[in-house]
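S.K.: So that we are looking at the same thing, I have put the structure below in structure tokens.
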There are 2 protein chains.
Amino acid sequence: MRVILVGFGVVGQSFAKLLLSRSADLYSQHGIKPRIVACVDNRGSAVSPAGLDLERLLAAKKAKGTVGAYEKKSAKFDPLQVIENVEAEVVIECTPTDLSTGEPGTSHIISAMRTGKNVISINKGPLALAFPSLIELANYNGVMFRFSGTVGGGTPILEFAKRCLKGDRIISFQGILNGTTNYILSKMEEGLTYQSALLDAKEKGYAEAKPELDTDGYDAAAKLVIMANWIMGMKVTMKDVARTGISEVSVADVEKAQSRGNAIKLIAACDSRRLEVKPTPVSKKDPICVNGTLNAVTFSSEHSGSQTIIGRGAGGMETASAVLRDLIEIRDTIFER
Amino acid sequence: MRVILVGFGVVGQSFAKLLLSRSADLYSQHGIKPRIVACVDNRGSAVSPAGLDLERLLAAKKAKGTVGAYEKKSAKFDPLQVIENVEAEVVIECTPTDLSTGEPGTSHIISAMRTGKNVISINKGPLALAFPSLIELANYNGVMFRFSGTVGGGTPILEFAKRCLKGDRIISFQGILNGTTNYILSKMEEGLTYQSALLDAKEKGYAEAKPELDTDGYDAAAKLVIMANWIMGMKVTMKDVARTGISEVSVADVEKAQSRGNAIKLIAACDSRRLEVKPTPVSKKDPICVNGTLNAVTFSSEHSGSQTIIGRGAGGMETASAVLRDLIEIRDTIFER
């Protein structure tokens, strides 16, 4: 199975390491032998139809900061040209998420689908801004489109809803979809102000220098959009989400909630009437009320009741494991055809 | 799809009601049209190759206490003869669990498999006592054997582990697998003694008159055996579980745990070294530390980290929804062949 890896940051590199450590086992247990035939990052590319040497690829990235250093003489840098012209069954899109433009991910995905390649995306941007049309494009071109790693990191939230609750009807779901804001709110529970909790999150590496993507609820909203489309069959994008971030949550709000046995959480909720991200008091006895950087989602179904799934919502190796699950699923489906 | 329903208690009746309410939708969404061609309870049976009228079946059970009252003139009562001789694709075994003998469930399942019928069991007895040999028998006869409802009621714990974590390796799991004992321990947290908490559980209908199946940890051990076989590929039965119940848990134990930020939970744990059910202090911050009748299981995988799944572990309609999931899976697999 030939794979083009677009983007070689934390998740891309973790995926390469995962393949290195699991190759024998993947073949014996799943009959899958992935070959990375091309890898593109923001400065260069490496191409080898026989499969790149992953240890050399990781070493090149580490030494020179780009996979362009894989060969002594690097080719002209043109990601779309690589995606379109290199023969492969699957393109893995893991460039950084941009929730304003969706680029460069959206162009990469469109190029891949147009040239008949299945796509795995861990980039939330294209999905948050154009989910319905990307699904249509995939169907039109007869390719598969998977994105398990966009929600919950390694925690299989999307698969749980789609596969484990087959035969039942999910009526609504709600959850904590962003670890950074949950960490900040957990610290506020312990007595910190919003500003000092944010600073602590930055020091620990949980929050970015510009933390608005998390704190204003954009990241949670993007994940909510992906879930609403994929699980509930809605056709929605970012603009359909009523979004409130956590920057206005005060120590007084937290204390008031505490006095009632609650904690304030940034809850993303979806049912037939609403699509919403906002700080909400949640009972501490509710399984969804998790602390630190954990994510949690509760699904309510017509017959099988309510179920909650909890796990870390991020992490390079965890997210890489979600990419591998998608790859196995694509391989199994191609094989069945 | 022709189904023989063996056992017509709470879950069996809920399943009949579920089929009644969902028939149109099951056909349009899953292409499945289940026909109950025979139903057996502990006193009689009803058979109709064209499919029993489920409303009439439920009414007969309600009025006379047995499905034998479905026809004016009931046939001679012989469950094994019905299972073997009535033509059907699937036998659903939902007679009561007996963890000493496994009967009558085990005989029913063996008869069904021998005559080439796929089997869905919600009866834990046969699985807890003879999992490895039942799986062998199913393979030998080329039939499918599913039992989603035996663990977690409607909460898809088995499916989660088998399907959502594909491509990864589950290293260990631990969980609260019995709602009754969790209810009792939760009440002891609130200050009740073991005896008064047990009495309260009986009054609420959570504990049986003879509660030892739950309180001595047999029910949790049975579920642990099913999970160890199915998820971890072990070949174990009840006798391989080191089992301690909750009847020796004292108010002092609970208070000591509380003073350290813990709660005592009846934890069923499985890794490469142990298969164990015993009261264990768990941090209240651990997602597994749920209260009331909830069940919770944490799976630890090699790459995707730890994930916890939480839900009600019982309930007639919830468990019936698990049977329906199994039925859809069997149908999809037969169809693919």
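As shown in the structure tokens, the chain order sets the letters A, B, ...; within each chain, residues go from 1, and ligands are also counted from 1 in the order they appear.
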If you run DSSP on the backbone here, which positions in stretch 83-147 of chain B get alpha helix (DSSP H)? Please write them as a ChimeraX atom specification.
M.R.: /B:83-85,105-114,124-141
S.K.: Any chance you can output those residues with N, CA and C atoms as a compact mmCIF listing (two decimals), in the first residue's frame?
M.R.:
```
# COMPACT_ATOMS: atom_id res chain seq x y z
N ILE B 83 -35.13 -25.99 19.17
CA ILE B 83 -33.88 -25.40 18.69
C ILE B 83 -33.30 -26.20 17.53
N GLU B 84 -33.36 -27.52 17.65
CA GLU B 84 -32.76 -28.35 16.61
C GLU B 84 -33.61 -28.46 15.35
N ASN B 85 -34.93 -28.51 15.52
CA ASN B 85 -35.77 -28.86 14.37
C ASN B 85 -36.42 -27.69 13.64
N GLY B 105 -28.58 -22.94 29.46
CA GLY B 105 -28.01 -22.21 28.33
C GLY B 105 -27.01 -23.01 27.50
N THR B 106 -26.08 -23.69 28.19
CA THR B 106 -25.02 -24.40 27.45
C THR B 106 -25.60 -25.43 26.49
N SER B 107 -26.57 -26.22 26.96
CA SER B 107 -27.19 -27.23 26.09
C SER B 107 -27.89 -26.57 24.91
N HIS B 108 -28.55 -25.47 25.17
CA HIS B 108 -29.23 -24.75 24.08
C HIS B 108 -28.22 -24.30 23.01
N ILE B 109 -27.13 -23.72 23.47
CA ILE B 109 -26.13 -23.18 22.54
C ILE B 109 -25.50 -24.31 21.73
N ILE B 110 -25.17 -25.40 22.42
CA ILE B 110 -24.56 -26.53 21.71
C ILE B 110 -25.52 -27.09 20.66
N SER B 111 -26.79 -27.26 21.03
CA SER B 111 -27.78 -27.76 20.07
C SER B 111 -27.89 -26.84 18.85
N ALA B 112 -27.90 -25.54 19.13
CA ALA B 112 -28.04 -24.57 18.04
C ALA B 112 -26.84 -24.65 17.09
N MET B 113 -25.65 -24.65 17.66
CA MET B 113 -24.44 -24.67 16.81
C MET B 113 -24.35 -25.97 16.01
N ARG B 114 -24.66 -27.09 16.67
CA ARG B 114 -24.59 -28.39 15.99
C ARG B 114 -25.51 -28.47 14.78
N LYS B 124 -24.66 -15.36 30.61
CA LYS B 124 -23.21 -15.37 30.89
C LYS B 124 -22.70 -16.75 31.29
N GLY B 125 -23.59 -17.61 31.81
CA GLY B 125 -23.17 -18.91 32.36
C GLY B 125 -22.33 -19.74 31.40
N PRO B 126 -22.86 -20.05 30.22
CA PRO B 126 -22.11 -20.89 29.30
C PRO B 126 -20.74 -20.30 28.95
N LEU B 127 -20.68 -18.97 28.81
CA LEU B 127 -19.44 -18.31 28.44
C LEU B 127 -18.42 -18.32 29.57
N ALA B 128 -18.91 -18.10 30.78
CA ALA B 128 -18.00 -18.04 31.91
C ALA B 128 -17.38 -19.41 32.19
N LEU B 129 -18.16 -20.46 31.92
CA LEU B 129 -17.68 -21.81 32.27
C LEU B 129 -16.99 -22.52 31.12
N ALA B 130 -17.31 -22.11 29.88
CA ALA B 130 -16.79 -22.91 28.75
C ALA B 130 -16.49 -22.07 27.52
N PHE B 131 -16.02 -20.84 27.72
CA PHE B 131 -15.77 -19.98 26.56
C PHE B 131 -14.92 -20.65 25.49
N PRO B 132 -13.70 -21.13 25.84
CA PRO B 132 -12.83 -21.66 24.78
C PRO B 132 -13.49 -22.77 23.97
N SER B 133 -14.20 -23.69 24.63
CA SER B 133 -14.77 -24.80 23.86
C SER B 133 -15.98 -24.36 23.04
N LEU B 134 -16.73 -23.37 23.51
CA LEU B 134 -17.87 -22.88 22.71
C LEU B 134 -17.38 -22.18 21.44
N ILE B 135 -16.29 -21.42 21.57
CA ILE B 135 -15.73 -20.77 20.39
C ILE B 135 -15.25 -21.82 19.39
N GLU B 136 -14.61 -22.86 19.91
CA GLU B 136 -14.17 -23.95 19.03
C GLU B 136 -15.33 -24.61 18.33
N LEU B 137 -16.39 -24.85 19.08
CA LEU B 137 -17.57 -25.50 18.50
C LEU B 137 -18.19 -24.62 17.40
N ALA B 138 -18.22 -23.32 17.66
CA ALA B 138 -18.76 -22.39 16.65
C ALA B 138 -17.90 -22.45 15.38
N ASN B 139 -16.59 -22.41 15.55
CA ASN B 139 -15.70 -22.46 14.39
C ASN B 139 -15.85 -23.77 13.63
N TYR B 140 -15.92 -24.86 14.39
CA TYR B 140 -16.05 -26.19 13.78
C TYR B 140 -17.31 -26.28 12.92
N ASN B 141 -18.38 -25.67 13.42
CA ASN B 141 -19.66 -25.73 12.70
C ASN B 141 -19.85 -24.58 11.71
```
S.K.: Run DSSP on the backbone of this structure and report the residues of stretch 44-171 of chain B it assigns to strand (DSSP E or B), as a VMD selection string.
M.R.: chain B and resid 45 to 47 90 to 93 118 to 121 145 to 146 170 to 171
S.K.: I'd like the contact shell of B:Ala161 - 9 Å cut-off, only C-alpha atoms, skipping same-chain residues fewer than 5 positions apart - returned as a ChimeraX atom specification.
M.R.: /B:156,166,170,231,299
S.K.: When you count only C-alpha atoms, which of these residues is closest to B:Leu213: B:Val236, B:Thr97, B:Pro104, B:Val151?
M.R.: B:Thr97
S.K.: Which polymer residues have any atom within 12 Å of an atom of A:Asn262, counting only C-alpha atoms, with same-chain residues fewer than 2 positions away left out, as a list in words?
M.R.: Ser186, Glu189, Asp253, Val254, Glu255, Lys256, Ala257, Gln258, Ser259, Arg260, Ile264, Lys265, Thr280, Pro281, Val282, Ser283, Lys284, Lys285, Asp286, Ile288, Cys289 and Val290 of chain A
S.K.: So what do you get for atom CA of A:Arg2 versus atom CA of A:Lys62, distance-wise?
M.R.: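 Atom-to-atom, atom CA of A:Arg2 and atom CA of A:Lys62 are spaced 23.8 Å apart.
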